[in-house]
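**Student:** Pasting a structure below so you can have a look.
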Amino acid sequence: MSQSGQWRAWTALAATSLAGLAGAILYWAHTGHVLRQGPDSYKIAEQEARLAGVVEMLPVDATVGYLSDVPFGKADGQMYFFVAQYVLAPRLLVEEKPERRPRWVLGSFLKRPDIEQIEKEHGVKLVKSFGRGVYLFERTP
C-alpha cells in the first residue's frame, strides 16, 4: 500500500472512531436526561411496594381476578391493571367478569370501597386489607 493509501486508511479509522465516540457520548447524555425527567413514569416500584403483601400470600400459579374503581376502558385503568399484572407475575391477573371467576380477587382502589357490596356482588369474602387501597378477596363456594 502506498503512503497516501495508508494515510487515507488511518484518517478513515480516526474519523470512524470519533463518530462512534461522539454517538456514545450523545446517547449517554440523552439517556441521563430522560431518566432524570421520569425514571419510573408507570410507578412500578411504588406498585411493587403496594402489592408486596398480596404477592407473598398468593401461590405463584394462581389466577387472580381484578377489581378497581378506575374503569379498564380508560387509559389510567389500563395502566393500573397492566402494572399490577407485571408486579404479580408469574401469577395470571385477569379482569373480573361473570364468565371468569377465579378463586382469588385483587381489589385495587383509589377511593374507599364498600366491602360489603363487593362481597355481595362478586361472591367473594375479604381475606385481608393491605392498606393503600389494596384488598385481597377469596371466592366463596
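Lettering and numbering for the C-alpha cells are positional, with chains as A, B, ... in the shown order, residues counted from 1 in each chain, and ligands counted from 1 in the shown order.
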Need the shell around Val124 in chain A: protein/DNA/RNA residues with any atom at most 9 Å away, counting only C-alpha atoms. Skip same-chain ones fewer than 6 positions apart. Format as a list of chain:residue names?
**Tutor:**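 In the requested format, the answer is A:Arg103, A:Trp104, A:Val105, A:Ile118, A:Phe137, A:Glu138, A:Arg139, A:Thr140, A:Pro141.
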**Student:** Compile the contact shell of Ala75 in chain A as a list in words: residues with an atom at most 12 Å away, counting only C-alpha atoms, same-chain residues fewer than 6 positions apart removed.
**Tutor:** Tyr42, Phe81 and Phe82 of chain A
**Student:** Tell me which of A:Ala9, A:Tyr80, A:Asp61, A:Val70 sits closest to Ile44 in chain A, counting only C-alpha atoms.
**Tutor:**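 Once distances to Ile44 in chain A are computed over only C-alpha atoms, the minimum belongs to A:Tyr80.
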**Student:** Give me the residues within 12 Å of Ala52 in chain A as a PyMOL selection string, counting only C-alpha atoms and dropping any in the same chain fewer than 5 places off.
**Tutor:** chain A and resi 44-47+57-58+84+87-89+130-132+134-136
**Student:** Pick out each residue of range 11-127 of chain A that DSSP on the backbone tags as helix (DSSP H, G or I); I need them as a PDB file with N, CA and C atoms, in the first residue's frame.
**Tutor:**
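Ended up saving to result_11.pdb:
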```pdb
ATOM      1  N   THR A  11      -6.865   7.977   8.420  1.00  0.00           N
ATOM      2  CA  THR A  11      -7.830   9.078   8.527  1.00  0.00           C
ATOM      3  C   THR A  11      -9.251   8.525   8.648  1.00  0.00           C
ATOM      4  N   ALA A  12      -9.576   7.527   7.838  1.00  0.00           N
ATOM      5  CA  ALA A  12     -10.905   6.910   7.896  1.00  0.00           C
ATOM      6  C   ALA A  12     -11.133   6.241   9.253  1.00  0.00           C
ATOM      7  N   LEU A  13     -10.114   5.554   9.767  1.00  0.00           N
ATOM      8  CA  LEU A  13     -10.203   4.904  11.071  1.00  0.00           C
ATOM      9  C   LEU A  13     -10.415   5.936  12.171  1.00  0.00           C
ATOM     10  N   ALA A  14      -9.679   7.029  12.120  1.00  0.00           N
ATOM     11  CA  ALA A  14      -9.808   8.081  13.138  1.00  0.00           C
ATOM     12  C   ALA A  14     -11.197   8.725  13.065  1.00  0.00           C
ATOM     13  N   ALA A  15     -11.666   9.007  11.851  1.00  0.00           N
ATOM     14  CA  ALA A  15     -12.985   9.621  11.689  1.00  0.00           C
ATOM     15  C   ALA A  15     -14.084   8.697  12.201  1.00  0.00           C
ATOM     16  N   THR A  16     -13.995   7.409  11.895  1.00  0.00           N
ATOM     17  CA  THR A  16     -14.981   6.440  12.346  1.00  0.00           C
ATOM     18  C   THR A  16     -14.963   6.315  13.876  1.00  0.00           C
ATOM     19  N   SER A  17     -13.779   6.278  14.444  1.00  0.00           N
ATOM     20  CA  SER A  17     -13.645   6.186  15.895  1.00  0.00           C
ATOM     21  C   SER A  17     -14.237   7.410  16.577  1.00  0.00           C
ATOM     22  N   LEU A  18     -13.961   8.601  16.054  1.00  0.00           N
ATOM     23  CA  LEU A  18     -14.514   9.830  16.624  1.00  0.00           C
ATOM     24  C   LEU A  18     -16.034   9.871  16.500  1.00  0.00           C
ATOM     25  N   ALA A  19     -16.564   9.423  15.373  1.00  0.00           N
ATOM     26  CA  ALA A  19     -18.019   9.402  15.187  1.00  0.00           C
ATOM     27  C   ALA A  19     -18.669   8.437  16.181  1.00  0.00           C
ATOM     28  N   GLY A  20     -18.052   7.280  16.378  1.00  0.00           N
ATOM     29  CA  GLY A  20     -18.580   6.313  17.352  1.00  0.00           C
ATOM     30  C   GLY A  20     -18.539   6.862  18.760  1.00  0.00           C
ATOM     31  N   LEU A  21     -17.442   7.507  19.126  1.00  0.00           N
ATOM     32  CA  LEU A  21     -17.307   8.093  20.455  1.00  0.00           C
ATOM     33  C   LEU A  21     -18.328   9.213  20.653  1.00  0.00           C
ATOM     34  N   ALA A  22     -18.494  10.053  19.646  1.00  0.00           N
ATOM     35  CA  ALA A  22     -19.474  11.138  19.746  1.00  0.00           C
ATOM     36  C   ALA A  22     -20.886  10.567  19.908  1.00  0.00           C
ATOM     37  N   GLY A  23     -21.208   9.512  19.170  1.00  0.00           N
ATOM     38  CA  GLY A  23     -22.526   8.871  19.300  1.00  0.00           C
ATOM     39  C   GLY A  23     -22.748   8.306  20.688  1.00  0.00           C
ATOM     40  N   ALA A  24     -21.735   7.680  21.252  1.00  0.00           N
ATOM     41  CA  ALA A  24     -21.840   7.116  22.602  1.00  0.00           C
ATOM     42  C   ALA A  24     -22.062   8.216  23.631  1.00  0.00           C
ATOM     43  N   ILE A  25     -21.340   9.315  23.493  1.00  0.00           N
ATOM     44  CA  ILE A  25     -21.490  10.434  24.436  1.00  0.00           C
ATOM     45  C   ILE A  25     -22.884  11.041  24.327  1.00  0.00           C
ATOM     46  N   LEU A  26     -23.365  11.260  23.112  1.00  0.00           N
ATOM     47  CA  LEU A  26     -24.710  11.815  22.935  1.00  0.00           C
ATOM     48  C   LEU A  26     -25.782  10.873  23.481  1.00  0.00           C
ATOM     49  N   TYR A  27     -25.625   9.576  23.263  1.00  0.00           N
ATOM     50  CA  TYR A  27     -26.581   8.596  23.778  1.00  0.00           C
ATOM     51  C   TYR A  27     -26.598   8.633  25.304  1.00  0.00           C
ATOM     52  N   TRP A  28     -25.431   8.644  25.920  1.00  0.00           N
ATOM     53  CA  TRP A  28     -25.319   8.679  27.375  1.00  0.00           C
ATOM     54  C   TRP A  28     -25.972   9.947  27.928  1.00  0.00           C
ATOM     55  N   ALA A  29     -25.708  11.093  27.294  1.00  0.00           N
ATOM     56  CA  ALA A  29     -26.278  12.358  27.758  1.00  0.00           C
ATOM     57  C   ALA A  29     -27.801  12.344  27.630  1.00  0.00           C
ATOM     58  N   HIS A  30     -28.320  11.830  26.526  1.00  0.00           N
ATOM     59  CA  HIS A  30     -29.776  11.780  26.314  1.00  0.00           C
ATOM     60  C   HIS A  30     -30.433  10.826  27.305  1.00  0.00           C
ATOM     61  N   THR A  31     -29.858   9.674  27.526  1.00  0.00           N
ATOM     62  CA  THR A  31     -30.408   8.692  28.453  1.00  0.00           C
ATOM     63  C   THR A  31     -30.446   9.262  29.867  1.00  0.00           C
ATOM     64  N   GLY A  32     -29.381   9.922  30.277  1.00  0.00           N
ATOM     65  CA  GLY A  32     -29.349  10.548  31.600  1.00  0.00           C
ATOM     66  C   GLY A  32     -30.434  11.594  31.741  1.00  0.00           C
ATOM     67  N   HIS A  33     -30.656  12.383  30.693  1.00  0.00           N
ATOM     68  CA  HIS A  33     -31.694  13.415  30.707  1.00  0.00           C
ATOM     69  C   HIS A  33     -33.080  12.783  30.843  1.00  0.00           C
ATOM     70  N   VAL A  34     -33.353  11.740  30.095  1.00  0.00           N
ATOM     71  CA  VAL A  34     -34.654  11.061  30.146  1.00  0.00           C
ATOM     72  C   VAL A  34     -34.888  10.461  31.527  1.00  0.00           C
ATOM     73  N   LEU A  35     -33.876   9.825  32.090  1.00  0.00           N
ATOM     74  CA  LEU A  35     -34.025   9.200  33.410  1.00  0.00           C
ATOM     75  C   LEU A  35     -34.225  10.226  34.517  1.00  0.00           C
ATOM     76  N   ARG A  36     -33.607  11.386  34.380  1.00  0.00           N
ATOM     77  CA  ARG A  36     -33.812  12.430  35.391  1.00  0.00           C
ATOM     78  C   ARG A  36     -35.231  12.978  35.320  1.00  0.00           C
ATOM     79  N   GLN A  37     -35.822  13.030  34.137  1.00  0.00           N
ATOM     80  CA  GLN A  37     -37.167  13.565  33.978  1.00  0.00           C
ATOM     81  C   GLN A  37     -38.218  12.631  34.570  1.00  0.00           C
ATOM     82  N   ILE A  44     -43.905   1.690  38.789  1.00  0.00           N
ATOM     83  CA  ILE A  44     -43.806   0.245  39.022  1.00  0.00           C
ATOM     84  C   ILE A  44     -43.226  -0.028  40.410  1.00  0.00           C
ATOM     85  N   ALA A  45     -42.211   0.708  40.811  1.00  0.00           N
ATOM     86  CA  ALA A  45     -41.618   0.492  42.139  1.00  0.00           C
ATOM     87  C   ALA A  45     -42.646   0.757  43.234  1.00  0.00           C
ATOM     88  N   GLU A  46     -43.449   1.801  43.050  1.00  0.00           N
ATOM     89  CA  GLU A  46     -44.494   2.118  44.030  1.00  0.00           C
ATOM     90  C   GLU A  46     -45.520   0.983  44.103  1.00  0.00           C
ATOM     91  N   GLN A  47     -45.899   0.442  42.947  1.00  0.00           N
ATOM     92  CA  GLN A  47     -46.873  -0.649  42.923  1.00  0.00           C
ATOM     93  C   GLN A  47     -46.280  -1.937  43.486  1.00  0.00           C
ATOM     94  N   GLU A  48     -44.992  -2.172  43.269  1.00  0.00           N
ATOM     95  CA  GLU A  48     -44.350  -3.345  43.861  1.00  0.00           C
ATOM     96  C   GLU A  48     -44.440  -3.282  45.377  1.00  0.00           C
ATOM     97  N   ALA A  49     -44.196  -2.109  45.954  1.00  0.00           N
ATOM     98  CA  ALA A  49     -44.293  -1.947  47.406  1.00  0.00           C
ATOM     99  C   ALA A  49     -45.744  -2.079  47.859  1.00  0.00           C
ATOM    100  N   ARG A  50     -46.655  -1.483  47.107  1.00  0.00           N
ATOM    101  CA  ARG A  50     -48.083  -1.501  47.453  1.00  0.00           C
ATOM    102  C   ARG A  50     -48.660  -2.914  47.411  1.00  0.00           C
ATOM    103  N   ALA A  52     -46.858  -5.832  47.609  1.00  0.00           N
ATOM    104  CA  ALA A  52     -45.928  -6.837  48.145  1.00  0.00           C
ATOM    105  C   ALA A  52     -46.629  -7.868  49.022  1.00  0.00           C
ATOM    106  N   GLY A  53     -47.543  -7.452  49.880  1.00  0.00           N
ATOM    107  CA  GLY A  53     -48.254  -8.384  50.748  1.00  0.00           C
ATOM    108  C   GLY A  53     -49.104  -9.370  49.976  1.00  0.00           C
ATOM    109  N   VAL A  54     -49.720  -8.902  48.903  1.00  0.00           N
ATOM    110  CA  VAL A  54     -50.541  -9.778  48.059  1.00  0.00           C
ATOM    111  C   VAL A  54     -49.654 -10.814  47.382  1.00  0.00           C
ATOM    112  N   VAL A  55     -48.519 -10.375  46.867  1.00  0.00           N
ATOM    113  CA  VAL A  55     -47.581 -11.280  46.202  1.00  0.00           C
ATOM    114  C   VAL A  55     -47.150 -12.388  47.161  1.00  0.00           C
ATOM    115  N   GLU A  56     -46.895 -12.039  48.407  1.00  0.00           N
ATOM    116  CA  GLU A  56     -46.473 -13.033  49.402  1.00  0.00           C
ATOM    117  C   GLU A  56     -47.566 -14.049  49.704  1.00  0.00           C
ATOM    118  N   MET A  57     -48.822 -13.626  49.671  1.00  0.00           N
ATOM    119  CA  MET A  57     -49.924 -14.512  50.061  1.00  0.00           C
ATOM    120  C   MET A  57     -50.400 -15.446  48.956  1.00  0.00           C
ATOM    121  N   ALA A  75     -57.478   5.061  29.982  1.00  0.00           N
ATOM    122  CA  ALA A  75     -56.023   4.823  29.920  1.00  0.00           C
ATOM    123  C   ALA A  75     -55.443   4.554  31.305  1.00  0.00           C
ATOM    124  N   ASP A  76     -55.870   5.324  32.312  1.00  0.00           N
ATOM    125  CA  ASP A  76     -55.355   5.103  33.670  1.00  0.00           C
ATOM    126  C   ASP A  76     -55.734   3.720  34.185  1.00  0.00           C
ATOM    127  N   GLY A  77     -56.950   3.277  33.897  1.00  0.00           N
ATOM    128  CA  GLY A  77     -57.387   1.954  34.329  1.00  0.00           C
ATOM    129  C   GLY A  77     -56.543   0.854  33.715  1.00  0.00           C
ATOM    130  N   GLN A  78     -56.226   1.004  32.450  1.00  0.00           N
ATOM    131  CA  GLN A  78     -55.372   0.019  31.786  1.00  0.00           C
ATOM    132  C   GLN A  78     -53.965   0.047  32.364  1.00  0.00           C
ATOM    133  N   MET A  79     -53.451   1.246  32.640  1.00  0.00           N
ATOM    134  CA  MET A  79     -52.108   1.355  33.204  1.00  0.00           C
ATOM    135  C   MET A  79     -52.053   0.672  34.570  1.00  0.00           C
ATOM    136  N   TYR A  80     -53.034   0.942  35.439  1.00  0.00           N
ATOM    137  CA  TYR A  80     -53.046   0.303  36.765  1.00  0.00           C
ATOM    138  C   TYR A  80     -53.132  -1.211  36.632  1.00  0.00           C
ATOM    139  N   PHE A  81     -53.968  -1.694  35.723  1.00  0.00           N
ATOM    140  CA  PHE A  81     -54.124  -3.135  35.537  1.00  0.00           C
ATOM    141  C   PHE A  81     -52.823  -3.769  35.050  1.00  0.00           C
ATOM    142  N   PHE A  82     -52.225  -3.201  34.015  1.00  0.00           N
ATOM    143  CA  PHE A  82     -51.022  -3.813  33.435  1.00  0.00           C
ATOM    144  C   PHE A  82     -49.820  -3.747  34.380  1.00  0.00           C
ATOM    145  N   VAL A  83     -49.717  -2.676  35.165  1.00  0.00           N
ATOM    146  CA  VAL A  83     -48.633  -2.606  36.148  1.00  0.00           C
ATOM    147  C   VAL A  83     -48.862  -3.649  37.241  1.00  0.00           C
ATOM    148  N   ALA A  84     -50.115  -3.806  37.704  1.00  0.00           N
ATOM    149  CA  ALA A  84     -50.421  -4.847  38.692  1.00  0.00           C
ATOM    150  C   ALA A  84     -50.128  -6.229  38.108  1.00  0.00           C
ATOM    151  N   GLN A  85     -50.466  -6.418  36.841  1.00  0.00           N
ATOM    152  CA  GLN A  85     -50.198  -7.698  36.170  1.00  0.00           C
ATOM    153  C   GLN A  85     -48.690  -7.971  36.146  1.00  0.00           C
ATOM    154  N   TYR A  86     -47.922  -6.953  35.868  1.00  0.00           N
ATOM    155  CA  TYR A  86     -46.453  -7.073  35.844  1.00  0.00           C
ATOM    156  C   TYR A  86     -45.922  -7.435  37.233  1.00  0.00           C
ATOM    157  N   VAL A  87     -46.422  -6.738  38.263  1.00  0.00           N
ATOM    158  CA  VAL A  87     -45.937  -6.956  39.624  1.00  0.00           C
ATOM    159  C   VAL A  87     -46.308  -8.347  40.130  1.00  0.00           C
ATOM    160  N   LEU A  88     -47.490  -8.834  39.784  1.00  0.00           N
ATOM    161  CA  LEU A  88     -47.947 -10.138  40.285  1.00  0.00           C
ATOM    162  C   LEU A  88     -47.370 -11.326  39.521  1.00  0.00           C
ATOM    163  N   ILE A 115     -66.971  -2.620  50.972  1.00  0.00           N
ATOM    164  CA  ILE A 115     -66.559  -4.026  51.004  1.00  0.00           C
ATOM    165  C   ILE A 115     -67.772  -4.950  50.991  1.00  0.00           C
ATOM    166  N   GLU A 116     -68.794  -4.630  51.784  1.00  0.00           N
ATOM    167  CA  GLU A 116     -69.997  -5.488  51.830  1.00  0.00           C
ATOM    168  C   GLU A 116     -70.651  -5.603  50.457  1.00  0.00           C
ATOM    169  N   GLN A 117     -70.725  -4.499  49.736  1.00  0.00           N
ATOM    170  CA  GLN A 117     -71.317  -4.513  48.396  1.00  0.00           C
ATOM    171  C   GLN A 117     -70.469  -5.358  47.440  1.00  0.00           C
ATOM    172  N   ILE A 118     -69.166  -5.214  47.511  1.00  0.00           N
ATOM    173  CA  ILE A 118     -68.268  -6.007  46.651  1.00  0.00           C
ATOM    174  C   ILE A 118     -68.438  -7.487  46.962  1.00  0.00           C
ATOM    175  N   GLU A 119     -68.466  -7.831  48.249  1.00  0.00           N
ATOM    176  CA  GLU A 119     -68.625  -9.236  48.645  1.00  0.00           C
ATOM    177  C   GLU A 119     -69.932  -9.802  48.104  1.00  0.00           C
ATOM    178  N   LYS A 120     -70.981  -9.035  48.205  1.00  0.00           N
ATOM    179  CA  LYS A 120     -72.304  -9.493  47.753  1.00  0.00           C
ATOM    180  C   LYS A 120     -72.363  -9.604  46.229  1.00  0.00           C
ATOM    181  N   GLU A 121     -71.895  -8.580  45.532  1.00  0.00           N
ATOM    182  CA  GLU A 121     -71.981  -8.540  44.068  1.00  0.00           C
ATOM    183  C   GLU A 121     -71.096  -9.584  43.381  1.00  0.00           C
ATOM    184  N   HIS A 122     -69.944  -9.858  43.974  1.00  0.00           N
ATOM    185  CA  HIS A 122     -68.973 -10.721  43.303  1.00  0.00           C
ATOM    186  C   HIS A 122     -68.821 -12.100  43.949  1.00  0.00           C
TER     187      HIS A 122
END
```
**Student:** Could you jot down the CA of Phe109 in chain A to CA of Leu67 in chain A separation for me, Å, one decimal place?
**Tutor:**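 These atoms are spaced 7.9 Å apart.
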**Student:** Which value, in Å to one decimal, gives the distance between CA of Gly133 in chain A and CA of Pro90 in chain A?
**Tutor:**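 About the pair CA of Gly133 in chain A and CA of Pro90 in chain A: they are 22.2 Å apart.
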**Student:** Which of these residues is nearest to Ser108 in chain A, using only C-alpha atoms: A:Gly73, A:Glu96, A:Ser68, A:Ser41?
**Tutor:**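 With only C-alpha atoms as the atom set, the closest residue is A:Ser68.
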**Student:** Taking only chain A into account, list the residues labelled strand (DSSP E) by DSSP (computed from the backbone), as a list of chain:residue names.
**Tutor:**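 Filtering chain A down to strand (DSSP E) leaves A:Thr63, A:Val64, A:Gly65, A:Tyr66, A:Leu67, A:Ser68, A:Leu92, A:Leu93, A:Val94, A:Glu95, A:Trp104, A:Val105, A:Leu106, A:Gly107, A:Ser108, A:Val124, A:Lys125, A:Leu126, A:Val127, A:Lys128, A:Ser129, A:Phe130, A:Gly131, A:Val134, A:Tyr135, A:Leu136, A:Phe137, A:Glu138, A:Arg139.
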**Student:** Could you work out how far CA of Lys74 in chain A lies from CA of Val60 in chain A, giving the answer in Å with one decimal?
**Tutor:**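 These two atoms are separated by 28.6 Å.
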